[in-house]
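Engineer: The structure file model_11.cif (mmCIF, C-alpha atoms) is provided below.
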```
data_protein
loop_
_atom_site.label_atom_id
_atom_site.label_comp_id
_atom_site.auth_asym_id
_atom_site.auth_seq_id
_atom_site.Cartn_x
_atom_site.Cartn_y
_atom_site.Cartn_z
CA MET A 1 -23.66 31.98 7.61
CA SER A 2 -21.31 34.92 6.93
CA ILE A 3 -20.09 35.74 3.45
CA ILE A 4 -16.57 34.66 4.45
CA GLY A 5 -17.84 31.36 5.86
CA SER A 6 -19.94 30.68 2.79
CA THR A 7 -17.04 31.47 0.48
CA PHE A 8 -14.72 29.20 2.46
CA ASN A 9 -17.19 26.30 2.31
CA SER A 10 -17.65 26.75 -1.42
CA LEU A 11 -13.90 26.81 -1.95
CA GLU A 12 -13.44 23.73 0.23
CA LYS A 13 -16.02 21.82 -1.81
CA TYR A 14 -14.52 22.97 -5.09
CA LEU A 15 -11.00 21.86 -4.10
CA ALA A 16 -12.27 18.53 -2.78
CA LYS A 17 -14.26 17.91 -5.94
CA THR A 18 -11.30 18.80 -8.16
CA LYS A 19 -8.95 16.48 -6.27
CA PHE A 20 -11.55 13.73 -6.29
CA GLU A 21 -12.04 13.98 -10.04
CA ARG A 22 -8.30 14.10 -10.77
CA THR A 23 -7.56 11.05 -8.60
CA ARG A 24 -10.43 9.08 -10.05
CA LYS A 25 -9.35 9.80 -13.62
CA PHE A 26 -5.78 8.77 -12.80
CA MET A 27 -6.90 5.46 -11.31
CA PHE A 28 -9.25 4.84 -14.21
CA ASN A 29 -6.53 5.45 -16.79
CA ARG A 30 -4.09 3.24 -14.89
CA THR A 31 -6.57 0.37 -14.91
CA GLU A 32 -7.34 0.95 -18.60
CA ARG A 33 -3.70 0.31 -19.50
CA PHE A 34 -3.88 -3.15 -17.96
CA ILE A 35 -7.25 -3.96 -19.49
CA ARG A 36 -5.86 -3.31 -22.97
CA LYS A 37 -2.92 -5.66 -22.36
CA PHE A 38 -4.85 -8.86 -21.70
CA ASP A 39 -7.52 -10.99 -23.31
CA LEU A 40 -10.04 -10.70 -20.50
CA PRO A 41 -13.26 -12.63 -19.86
CA SER A 42 -16.46 -10.65 -20.24
CA LEU A 43 -19.02 -10.00 -17.51
CA SER A 44 -22.43 -11.56 -17.67
CA ALA A 45 -25.58 -9.50 -17.24
CA GLU A 46 -26.08 -11.20 -13.86
CA GLU A 47 -22.57 -10.24 -12.72
CA LYS A 48 -23.13 -6.62 -13.75
CA ASP A 49 -26.35 -6.60 -11.73
CA MET A 50 -24.45 -7.99 -8.73
CA ILE A 51 -21.93 -5.13 -8.96
CA ASP A 52 -24.73 -2.56 -9.05
CA GLU A 53 -26.44 -4.23 -6.10
CA GLN A 54 -23.24 -4.42 -4.05
CA TRP A 55 -22.44 -0.70 -4.31
CA LYS A 56 -25.89 0.84 -4.77
CA ARG A 57 -25.79 2.61 -1.40
CA LEU A 58 -22.79 4.70 -2.44
CA PRO A 59 -22.96 7.80 -4.67
CA ILE A 60 -20.04 6.38 -6.67
CA LYS A 61 -20.30 3.73 -9.35
CA PRO A 62 -17.17 1.55 -9.61
CA TYR A 63 -15.44 1.04 -12.93
CA GLU A 64 -17.18 -2.09 -14.15
CA ASP A 65 -14.48 -3.30 -16.53
CA GLU A 66 -11.98 -3.72 -13.70
CA TYR A 67 -14.05 -6.68 -12.56
CA ARG A 68 -12.96 -8.40 -15.76
CA LEU A 69 -9.40 -8.16 -14.43
CA PHE A 70 -10.46 -9.68 -11.12
CA LYS A 71 -12.20 -12.46 -13.03
CA TYR A 72 -9.04 -13.06 -15.08
CA TYR A 73 -6.71 -13.30 -12.07
CA ALA A 74 -9.03 -14.91 -9.55
CA ARG A 75 -12.79 -15.16 -9.96
CA PHE A 76 -15.79 -12.91 -10.03
CA ASP A 77 -16.75 -11.34 -6.71
CA SER A 78 -18.73 -8.10 -6.56
CA ARG A 79 -16.88 -7.23 -3.33
CA PHE A 80 -13.57 -6.68 -5.13
CA ILE A 81 -12.56 -3.03 -4.76
CA THR A 82 -11.76 -1.05 -7.88
CA GLN A 83 -9.02 1.56 -7.65
CA ASP A 84 -11.27 4.39 -8.82
CA LEU A 85 -13.61 3.63 -5.92
CA GLN A 86 -10.97 2.97 -3.27
CA TYR A 87 -8.53 5.85 -3.42
CA PRO A 88 -10.59 8.94 -4.15
CA TYR A 89 -13.55 7.91 -2.00
CA LEU A 90 -13.53 4.96 0.41
CA TYR A 91 -9.94 5.32 1.57
CA ASN A 92 -10.23 9.00 2.43
CA ALA A 93 -13.13 8.19 4.73
CA ILE A 94 -11.59 5.22 6.56
CA ASN A 95 -8.00 6.55 6.75
CA PRO A 96 -7.97 10.33 7.32
CA MET A 97 -5.11 12.00 5.46
CA ALA A 98 -3.79 13.96 8.45
CA GLU A 99 -3.17 10.78 10.46
CA ARG A 100 -1.76 8.94 7.45
CA LYS A 101 0.90 11.55 6.77
CA ALA A 102 1.88 12.10 10.39
CA LEU A 103 2.42 8.40 11.05
CA SER A 104 4.20 7.65 7.75
CA ASN A 105 7.36 9.58 8.58
CA LYS A 106 10.13 6.97 8.77
CA GLY A 107 12.29 9.48 10.57
CA MET A 108 9.97 9.07 13.54
CA TYR A 109 9.55 5.28 13.49
CA SER A 110 12.06 4.73 16.30
CA ILE A 111 10.11 7.24 18.42
CA TYR A 112 6.55 6.37 17.49
CA PHE A 113 6.90 2.60 17.38
CA ARG A 114 9.42 1.81 20.09
CA GLU A 115 7.91 -1.57 20.98
CA MET A 116 7.91 -2.87 17.42
CA PRO A 117 11.09 -4.69 16.38
CA GLN A 118 12.58 -2.92 13.33
CA PRO A 119 15.96 -2.47 11.61
CA LYS A 120 18.41 -0.29 13.54
CA THR A 121 18.47 3.31 12.32
CA ILE A 122 21.97 4.75 12.68
CA ILE A 123 21.36 8.19 11.17
CA THR A 124 18.19 10.26 10.82
CA CYS A 125 18.19 13.43 8.73
CA ILE A 126 15.15 15.71 9.01
CA ALA A 127 15.17 19.00 7.07
CA GLY A 128 18.96 18.87 6.98
CA THR A 129 19.43 18.26 10.71
CA TYR A 130 21.25 15.03 11.61
CA PHE A 131 20.54 12.77 14.57
CA ASN A 132 22.47 9.72 15.68
CA ALA A 133 20.93 6.47 16.92
CA GLU A 134 20.38 8.04 20.37
CA ARG A 135 18.56 10.99 18.73
CA LYS A 136 21.32 13.44 19.62
CA ILE A 137 21.96 16.24 17.12
CA ILE A 138 25.23 15.86 15.23
CA ASN A 139 26.82 17.63 12.26
CA ASN A 140 27.05 16.21 8.74
CA SER A 141 30.71 15.22 9.09
CA GLU A 142 29.92 13.18 12.20
CA ALA A 143 26.96 11.61 10.42
CA GLU A 144 29.11 10.60 7.44
CA LYS A 145 31.74 9.14 9.76
CA ILE A 146 29.11 6.97 11.47
CA VAL A 147 27.80 5.71 8.15
CA ARG A 148 31.27 4.94 6.84
CA SER A 149 31.96 2.86 9.97
CA HIS A 150 29.46 0.34 8.54
CA GLU A 151 30.46 -1.78 5.57
CA ARG A 152 27.00 -1.65 4.02
CA CYS A 153 23.84 0.28 4.86
CA ILE A 154 20.51 1.22 3.33
CA VAL A 155 19.26 4.77 2.77
CA LYS A 156 15.52 5.52 2.65
CA PRO A 157 13.62 8.79 2.19
CA ILE A 158 11.48 9.46 5.25
CA LEU A 159 8.39 9.78 3.01
CA GLU A 160 7.22 8.67 -0.43
CA THR A 161 9.01 5.34 -0.86
CA LYS A 162 6.21 3.64 -2.78
CA GLN A 163 7.53 0.83 -5.00
CA GLY A 164 10.94 1.26 -3.39
CA LYS A 165 11.36 4.75 -4.82
CA ASN A 166 14.76 6.33 -4.04
CA ILE A 167 15.81 3.54 -1.69
CA LYS A 168 19.54 2.86 -2.09
CA ILE A 169 21.98 0.37 -0.64
CA PHE A 170 25.46 1.78 -0.05
CA CYS A 171 28.72 -0.10 0.11
CA THR A 172 30.61 2.51 2.10
CA GLN A 173 34.06 1.27 1.03
CA SER A 174 33.39 1.84 -2.67
CA ASP A 175 30.39 4.19 -2.99
CA ASP A 176 30.67 7.96 -2.65
CA THR A 177 28.61 9.03 0.35
CA SER A 178 29.59 12.70 0.30
CA ALA A 179 26.61 13.78 -1.83
CA LEU A 180 24.26 12.24 0.71
CA PHE A 181 25.54 14.55 3.43
CA SER A 182 25.83 17.74 1.39
CA ASP A 183 22.08 18.32 1.03
CA LYS A 184 21.13 20.99 3.55
CA LYS A 185 17.45 20.09 3.27
CA GLY A 186 17.82 16.31 3.30
CA ASN A 187 15.09 14.05 4.68
CA PHE A 188 16.20 10.44 4.99
CA ILE A 189 17.23 7.66 7.33
CA VAL A 190 20.22 5.35 7.18
CA GLN A 191 19.76 1.85 8.55
CA GLU A 192 21.94 -1.17 9.13
CA ILE A 193 21.41 -3.99 6.64
CA GLN A 194 18.82 -6.27 8.17
CA GLY A 195 19.58 -9.99 8.27
CA GLN A 196 16.76 -12.32 7.28
CA SER A 197 15.52 -15.86 7.69
CA THR A 198 16.78 -18.60 5.41
CA LEU A 199 13.11 -19.26 4.72
CA THR A 200 12.88 -15.95 2.85
CA SER A 201 16.47 -15.44 1.67
CA GLN A 202 16.25 -18.60 -0.45
CA PHE A 203 14.34 -16.64 -3.11
CA ASN A 204 16.98 -13.93 -3.44
CA PRO A 205 19.61 -13.38 -0.73
CA ALA A 206 20.47 -9.97 -2.22
CA SER A 207 17.11 -8.46 -1.23
CA LEU A 208 15.21 -8.29 2.04
CA ASN A 209 12.10 -10.25 1.06
CA THR A 210 8.92 -9.37 2.91
CA PHE A 211 5.36 -10.33 3.63
CA ARG A 212 2.69 -7.75 2.85
CA VAL A 213 0.00 -8.25 5.48
CA THR A 214 -3.07 -6.04 5.15
CA THR A 215 -5.15 -5.58 8.28
CA ILE A 216 -8.48 -3.94 9.04
CA PHE A 217 -9.31 -2.35 12.39
CA LEU A 218 -12.88 -1.13 12.66
CA ASN A 219 -15.52 -1.08 15.39
CA GLY A 220 -13.06 -2.52 17.89
CA VAL A 221 -12.27 -5.60 15.79
CA VAL A 222 -8.94 -6.28 14.04
CA SER A 223 -8.80 -8.79 11.21
CA THR A 224 -6.48 -9.90 8.44
CA SER A 225 -7.38 -8.93 4.91
CA ASN A 226 -4.93 -10.10 2.23
CA VAL A 227 -1.52 -11.69 2.75
CA CYS A 228 1.16 -11.64 0.05
CA PHE A 229 4.90 -12.24 -0.26
CA LYS A 230 7.35 -10.09 -2.21
CA PHE A 231 10.84 -10.89 -3.40
CA ALA A 232 13.29 -9.48 -5.91
CA ARG A 233 14.67 -11.45 -8.83
CA ASN A 234 18.04 -11.77 -10.54
CA GLY A 235 20.10 -10.42 -7.67
CA VAL A 236 18.17 -7.13 -7.47
CA GLN A 237 18.38 -5.62 -3.97
CA ILE A 238 14.85 -4.12 -3.65
CA ASP A 239 11.85 -6.45 -3.47
CA ASN A 240 9.19 -4.12 -4.91
CA LEU A 241 7.33 -4.78 -8.16
CA GLY A 242 8.70 -1.57 -9.62
CA HIS A 243 12.24 -2.98 -9.33
CA GLY A 244 11.36 -6.18 -11.17
CA GLY A 245 10.20 -8.20 -8.19
CA LEU A 246 7.33 -10.65 -7.80
CA ILE A 247 4.33 -10.55 -5.50
CA MET A 248 2.44 -13.73 -4.62
CA GLY A 249 -0.63 -14.55 -2.58
CA VAL A 250 -0.22 -16.56 0.62
CA GLU A 251 -2.80 -18.38 2.70
CA GLU A 252 -2.69 -17.75 6.44
CA ASP A 253 -1.42 -21.31 6.98
CA GLY A 254 1.66 -20.54 4.87
CA HIS A 255 0.75 -22.22 1.59
CA PHE A 256 1.30 -20.08 -1.50
CA HIS A 257 -1.14 -19.66 -4.37
CA ASP A 258 -0.19 -21.04 -7.75
CA PHE A 259 0.99 -17.80 -9.34
CA GLY A 260 2.39 -14.35 -8.68
CA VAL A 261 2.53 -11.22 -10.83
CA ASP A 262 5.46 -9.16 -12.05
CA LYS A 263 5.73 -5.40 -12.65
CA ASP A 264 3.77 -5.77 -15.91
CA TYR A 265 1.07 -7.74 -14.07
CA GLN A 266 1.88 -10.85 -16.08
CA LYS A 267 1.12 -14.10 -14.30
CA VAL A 268 4.24 -15.97 -13.18
CA PHE A 269 3.95 -19.61 -12.10
CA THR A 270 7.59 -20.53 -11.46
CA TYR A 271 10.77 -19.06 -9.97
CA GLN A 272 14.44 -20.04 -9.88
CA GLU A 273 14.71 -22.31 -12.90
CA GLY A 274 11.28 -23.83 -12.89
CA LYS A 275 10.37 -24.25 -9.24
CA LYS A 276 6.60 -24.02 -8.77
CA ILE A 277 5.28 -21.11 -6.71
CA SER A 278 2.41 -23.35 -5.59
CA ASP A 279 4.93 -25.62 -3.82
CA ILE A 280 6.17 -22.86 -1.50
CA TYR A 281 5.19 -23.31 2.15
CA ILE A 282 6.27 -20.92 4.92
CA PRO A 283 4.14 -21.53 8.04
CA GLU A 284 6.02 -18.76 9.85
CA VAL A 285 3.77 -16.30 7.99
CA SER A 286 1.48 -16.72 11.00
CA LYS A 287 4.05 -14.77 13.06
CA ALA A 288 3.85 -11.85 10.63
CA ILE A 289 0.07 -11.94 10.77
CA ASP A 290 -0.01 -12.00 14.57
CA PHE A 291 2.51 -9.12 14.62
CA ALA A 292 0.31 -6.93 12.40
CA LYS A 293 -2.89 -7.76 14.28
CA LYS A 294 -1.23 -7.06 17.63
CA TYR A 295 0.14 -3.64 16.73
CA HIS A 296 -2.58 -2.22 14.47
CA PRO A 297 -4.96 -1.28 17.34
CA ILE A 298 -2.07 -0.04 19.49
CA TYR A 299 -0.36 2.29 17.04
CA PHE A 300 -2.98 2.97 14.36
CA PRO A 301 -6.37 3.07 16.10
CA THR A 302 -7.59 5.95 13.88
CA LEU A 303 -6.69 4.15 10.64
CA THR A 304 -8.89 1.36 9.35
CA LEU A 305 -6.58 -0.16 6.72
CA VAL A 306 -2.82 -0.74 7.06
CA GLY A 307 -0.51 -2.51 4.62
CA TRP A 308 2.38 -3.95 6.62
CA ASP A 309 5.76 -4.88 5.10
CA ILE A 310 7.13 -7.44 7.54
CA ALA A 311 10.37 -9.42 7.29
CA LEU A 312 11.49 -12.47 9.23
CA ASN A 313 14.88 -11.97 10.87
CA SER A 314 17.58 -14.63 11.17
CA ASP A 315 15.72 -16.06 14.19
CA ASN A 316 12.47 -16.29 12.18
CA GLN A 317 10.92 -13.47 14.19
CA PRO A 318 8.88 -10.68 12.55
CA ILE A 319 10.26 -7.15 12.21
CA LEU A 320 8.62 -4.03 10.84
CA ILE A 321 10.05 -2.73 7.57
CA GLU A 322 7.26 -0.29 6.74
CA ALA A 323 3.65 0.46 7.60
CA ASN A 324 2.07 1.58 4.32
CA LEU A 325 -0.52 4.21 5.19
CA ILE A 326 -0.62 6.81 2.39
CA THR A 327 -1.90 4.52 -0.39
CA PRO A 328 -1.38 0.86 0.51
CA GLY A 329 -1.70 -1.25 -2.61
CA ILE A 330 -4.86 -3.17 -3.32
CA GLN A 331 -4.66 -4.09 -7.00
CA ALA A 332 -1.87 -6.68 -7.16
CA GLU A 333 -2.71 -7.74 -3.61
CA GLN A 334 -6.29 -8.63 -4.54
CA TYR A 335 -5.21 -10.35 -7.76
CA CYS A 336 -2.63 -12.52 -6.01
CA ALA A 337 -4.51 -13.22 -2.78
CA GLN A 338 -7.56 -13.86 -5.00
CA LYS A 339 -9.98 -12.15 -2.66
CA SER A 340 -11.40 -8.73 -1.91
CA VAL A 341 -9.38 -6.48 0.37
CA TYR A 342 -12.47 -5.91 2.55
CA GLY A 343 -14.07 -9.33 2.07
CA ASP A 344 -16.70 -10.18 4.65
CA ARG A 345 -16.34 -6.68 6.15
CA THR A 346 -17.36 -4.85 2.97
CA GLU A 347 -20.81 -3.86 4.25
CA GLU A 348 -19.24 -2.73 7.52
CA ILE A 349 -16.88 -0.49 5.54
CA ILE A 350 -19.76 0.95 3.52
CA ASP A 351 -21.72 1.65 6.72
CA PHE A 352 -18.74 3.51 8.18
CA VAL A 353 -18.15 5.57 5.04
CA LEU A 354 -21.80 6.60 4.85
CA SER A 355 -21.80 7.56 8.52
CA ASN A 356 -18.84 9.89 7.93
CA PRO A 357 -20.12 12.06 5.06
CA ARG A 358 -17.87 15.05 5.72
CA HIS A 359 -15.04 13.55 3.71
CA TYR A 360 -16.86 14.45 0.52
CA LEU A 361 -19.63 16.88 1.36
CA PHE A 362 -19.96 17.91 -2.28
CA LEU A 363 -21.42 14.47 -3.03
CA ASN A 364 -24.43 15.39 -0.91
CA ASP A 365 -25.18 18.60 -2.78
CA LYS A 366 -28.59 18.91 -4.38
CA ASP A 367 -27.13 20.04 -7.69
CA ASN A 368 -25.88 17.70 -10.40
CA THR A 369 -22.74 16.67 -8.49
CA SER A 370 -24.01 13.37 -7.15
CA GLU A 371 -25.42 12.45 -10.53
CA TYR A 372 -22.14 13.43 -12.16
CA PHE A 373 -19.95 11.26 -9.96
CA ALA A 374 -22.33 8.32 -10.20
CA GLN A 375 -21.31 8.06 -13.85
CA THR A 376 -18.70 5.59 -15.01
CA PRO A 377 -15.15 6.93 -15.16
CA SER A 378 -15.10 6.47 -18.95
CA LYS A 379 -17.77 9.13 -19.30
CA ILE A 380 -16.00 11.44 -16.88
CA SER A 381 -12.66 11.04 -18.64
CA ASN A 382 -14.09 12.28 -21.91
CA LYS A 383 -15.20 15.61 -20.43
#
```
Could you quickly redo this structure as structure tokens?
Structural biologist:
Amino acid sequence: MSIIGSTFNSLEKYLAKTKFERTRKFMFNRTERFIRKFDLPSLSAEEKDMIDEQWKRLPIKPYEDEYRLFKYYARFDSRFITQDLQYPYLYNAINPMAERKALSNKGMYSIYFREMPQPKTIITCIAGTYFNAERKIINNSEAEKIVRSHERCIVKPILETKQGKNIKIFCTQSDDTSALFSDKKGNFIVQEIQGQSTLTSQFNPASLNTFRVTTIFLNGVVSTSNVCFKFARNGVQIDNLGHGGLIMGVEEDGHFHDFGVDKDYQKVFTYQEGKKISDIYIPEVSKAIDFAKKYHPIYFPTLTLVGWDIALNSDNQPILIEANLITPGIQAEQYCAQKSVYGDRTEEIIDFVLSNPRHYLFLNDKDNTSEYFAQTPSKISNK
């Protein structure tokens, strides 16, 4: 190998290792904050052995204490996925970053996913260039005029909307829209307000309440992982946890589990003046599940895991709100659905990750790297 090639490979490994370590520390510290908040059950020696046995084929050791959280919210299962194992390692192998980013651009949804029902986009702004609903280039004054012809609309960044970040609902008769159209480097879409089913609006008619359906597509087989439901509280217009919403686990037959969690990950057993979450039953969730399973192989064949935000329209039919590809949530989803995100396909996932070692070549080095990253995150975080 040439000196340039060798130097490039060394640099590539160094950057990958640095990013890996930084992400793993972040996830570890995030989990630690929750662990300190609750009085959690301990793990038995047998359960600790089961965790070691489950993940022994990987060069990464999951953060053991997070299984105490799983035990608190659901039950013990060594197949639960810890965040420090999922995001820096497993997820980068099963969902390559290049595909994730390319397909996450909401400004391209109406092009990429033409067959999927979704809210109508009336304006798309990419790098300061405006397009109307027919994808014709228009100027900012024309774009503002179109938006102001609608009484209400929703504005979303084309990327990075995790937890509803920077999503805004405009009342065009009273809100100032001029700032929106003065940014010469803007990247956003403007959509019509999507109507929803009475089955989901009953929880909060001010927000578009959605099902989070997580699907797995691997080795030619598509399956449902976890299913949850999200809604906003107290008249809030965004249904995400970060805006004060609730997320609850749902069985595939439409029956809800007995609790949800709020933004502080506190268990919540009731809603709307004492109504029990366990009494909620929405059989139409099967339509959202079928929707996700139908379109995952068609539009995301190179991505193993997709977190779908799906609403039911006024005719109780599923529509795509967002396909979460960058970092689809697993923590609250596993707690509420009370099962592992990979479940019975965990070994299949491990096999795939191990058969695609390029994602973290530095883990295969013969130096101390593998030994280093096999340590618990608590030891790494102190270095």
Engineer: State, in Å with one decimal place, the distance from CA of Phe352 (chain A) to CA of Lys293 (chain A).
Structural biologist: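 Those two atoms sit 20.4 Å apart.
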Engineer: Can you turn the PyMOL selection byres ((chain A and resi 256) around 6) into a concrete residue list for this file, as a PDB file with C-alpha atoms, in the coordinates of the input?
Structural biologist:
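Heads up, here's the output in out_36.pdb:
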```
ATOM      1  CA  GLY A 249      -0.630 -14.550  -2.580  1.00  0.00           C
ATOM      2  CA  VAL A 250      -0.220 -16.560   0.620  1.00  0.00           C
ATOM      3  CA  HIS A 255       0.750 -22.220   1.590  1.00  0.00           C
ATOM      4  CA  HIS A 257      -1.140 -19.660  -4.370  1.00  0.00           C
ATOM      5  CA  SER A 278       2.410 -23.350  -5.590  1.00  0.00           C
ATOM      6  CA  ILE A 280       6.170 -22.860  -1.500  1.00  0.00           C
TER       7      ILE A 280
END
```
Engineer: Neighbours of Gly195 (chain A) within 8 Å (all atoms listed in the file; same-chain residues fewer than 2 positions away dropped), as a list in words?
Structural biologist: Ile193, Ser197, Leu208, Asn313 and Ser314 of chain A
Engineer: For Tyr112 (chain A), find every residue with an atom within 8 Å (counting all atoms listed in the file), except residues of its own chain fewer than 3 positions away, and show them as a JSON list (two decimals) with C-alpha atoms, keeping the file's coordinate frame.
Structural biologist:
```
[["chain", "number", "residue", "atom", "x", "y", "z"],
["A", 103, "LEU", "CA", 2.42, 8.40, 11.05],
["A", 108, "MET", "CA", 9.97, 9.07, 13.54],
["A", 109, "TYR", "CA", 9.55, 5.28, 13.49]]
```
Engineer: So how many Å separate CA of Lys71 (chain A) and CA of Gln338 (chain A), to one decimal?
Structural biologist: 9.4 Å
Engineer: CA of Arg135 (chain A) and CA of Ile123 (chain A) are how many Å apart?
Structural biologist: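 Separation between CA of Arg135 (chain A) and CA of Ile123 (chain A): 8.5 Å.
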Engineer: Pick out the residues sitting within 7 Å of region 198-204 of chain A, and hand them over as an MDAnalysis selection string; count all atoms listed in the file, and ignore anything fewer than 4 positions along from it in its own chain.
Structural biologist: chainID A and resid 209 231:233 235
Engineer: Could you list, as a ChimeraX atom specification, every residue matched by the PyMOL selection byres ((chain A and resi 291) around 9) in this structure?
Structural biologist: /A:116,286-290,292-296,310,318-320
Engineer: Within 12 Å of Ala143 (chain A), counting all atoms listed in the file, which residues qualify if same-chain residues fewer than 5 places away don't, as a list in words?
Structural biologist: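 The filter keeps Ile122, Ile123, Thr124, Cys125, Gly128, Thr129, Tyr130, Phe131, Asn132, Ala133, Arg135, Lys136, Ile137, Ile138, Arg148, Ser149, His150, Thr177, Ser178, Leu180, Phe181, Ser182, Ile189 and Val190 of chain A.
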Engineer: Care to translate the PyMOL selection byres ((chain A and resi 215-217) around 8) into actual residues of this file, as a list of chain:residue names?
Structural biologist: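 Applied to this file, the PyMOL selection byres ((chain A and resi 215-217) around 8) returns A:Val213, A:Thr214, A:Leu218, A:Asn219, A:Gly220, A:Val221, A:Val222, A:Ser223, A:Thr224, A:Ser225, A:Asn226, A:Ala292, A:Lys293, A:His296, A:Pro297, A:Pro301, A:Leu303, A:Thr304, A:Leu305, A:Val306, A:Gly307, A:Trp308, A:Tyr342.
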Engineer: Counting only C-alpha atoms, figure out which residue out of A:Phe211, A:Tyr265, A:Tyr72, A:Tyr271 gets nearest to Asn234 (chain A).
Structural biologist: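 Counting only C-alpha atoms, the residue closest to Asn234 (chain A) is A:Tyr271.
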Engineer: Choose the residue, out of A:Arg36, A:Asp175, A:Ser207, A:Leu159, that has the smallest atom-to-atom separation from Ser104 (chain A); count all atoms listed in the file.
Structural biologist: A:Leu159
Engineer: Quick one: region 39-44 of chain A with all heavy atoms, as a short mmCIF file (atom, residue, chain, number, x, y, z; two decimals), keeping the file's coordinate frame?
Structural biologist:
```
data_model
loop_
_atom_site.label_atom_id
_atom_site.label_comp_id
_atom_site.auth_asym_id
_atom_site.auth_seq_id
_atom_site.Cartn_x
_atom_site.Cartn_y
_atom_site.Cartn_z
N ASP A 39 -6.28 -10.48 -22.75
CA ASP A 39 -7.52 -10.99 -23.31
C ASP A 39 -8.40 -11.41 -22.13
O ASP A 39 -8.26 -12.51 -21.59
CB ASP A 39 -7.22 -12.19 -24.22
CG ASP A 39 -8.49 -12.75 -24.87
OD1 ASP A 39 -9.52 -12.03 -24.88
OD2 ASP A 39 -8.45 -13.90 -25.35
N LEU A 40 -9.29 -10.52 -21.74
CA LEU A 40 -10.04 -10.70 -20.50
C LEU A 40 -11.40 -11.33 -20.73
O LEU A 40 -12.03 -11.11 -21.78
CB LEU A 40 -10.22 -9.35 -19.80
CG LEU A 40 -8.95 -8.60 -19.42
CD1 LEU A 40 -9.31 -7.24 -18.82
CD2 LEU A 40 -8.10 -9.41 -18.46
N PRO A 41 -11.90 -12.10 -19.75
CA PRO A 41 -13.26 -12.63 -19.86
C PRO A 41 -14.27 -11.49 -19.73
O PRO A 41 -14.00 -10.47 -19.09
CB PRO A 41 -13.36 -13.59 -18.67
CG PRO A 41 -12.36 -13.07 -17.67
CD PRO A 41 -11.24 -12.51 -18.49
N SER A 42 -15.40 -11.67 -20.34
CA SER A 42 -16.46 -10.65 -20.24
C SER A 42 -17.29 -10.87 -18.99
O SER A 42 -17.19 -11.92 -18.32
CB SER A 42 -17.35 -10.70 -21.48
OG SER A 42 -17.94 -11.99 -21.61
N LEU A 43 -18.10 -9.88 -18.64
CA LEU A 43 -19.02 -10.00 -17.51
C LEU A 43 -20.40 -10.34 -18.02
O LEU A 43 -20.86 -9.79 -19.03
CB LEU A 43 -19.06 -8.69 -16.72
CG LEU A 43 -17.76 -8.21 -16.07
CD1 LEU A 43 -17.99 -6.86 -15.42
CD2 LEU A 43 -17.25 -9.22 -15.04
N SER A 44 -21.06 -11.22 -17.31
CA SER A 44 -22.43 -11.56 -17.67
C SER A 44 -23.38 -10.47 -17.17
O SER A 44 -23.01 -9.64 -16.32
CB SER A 44 -22.82 -12.90 -17.05
OG SER A 44 -22.89 -12.80 -15.63
#
```
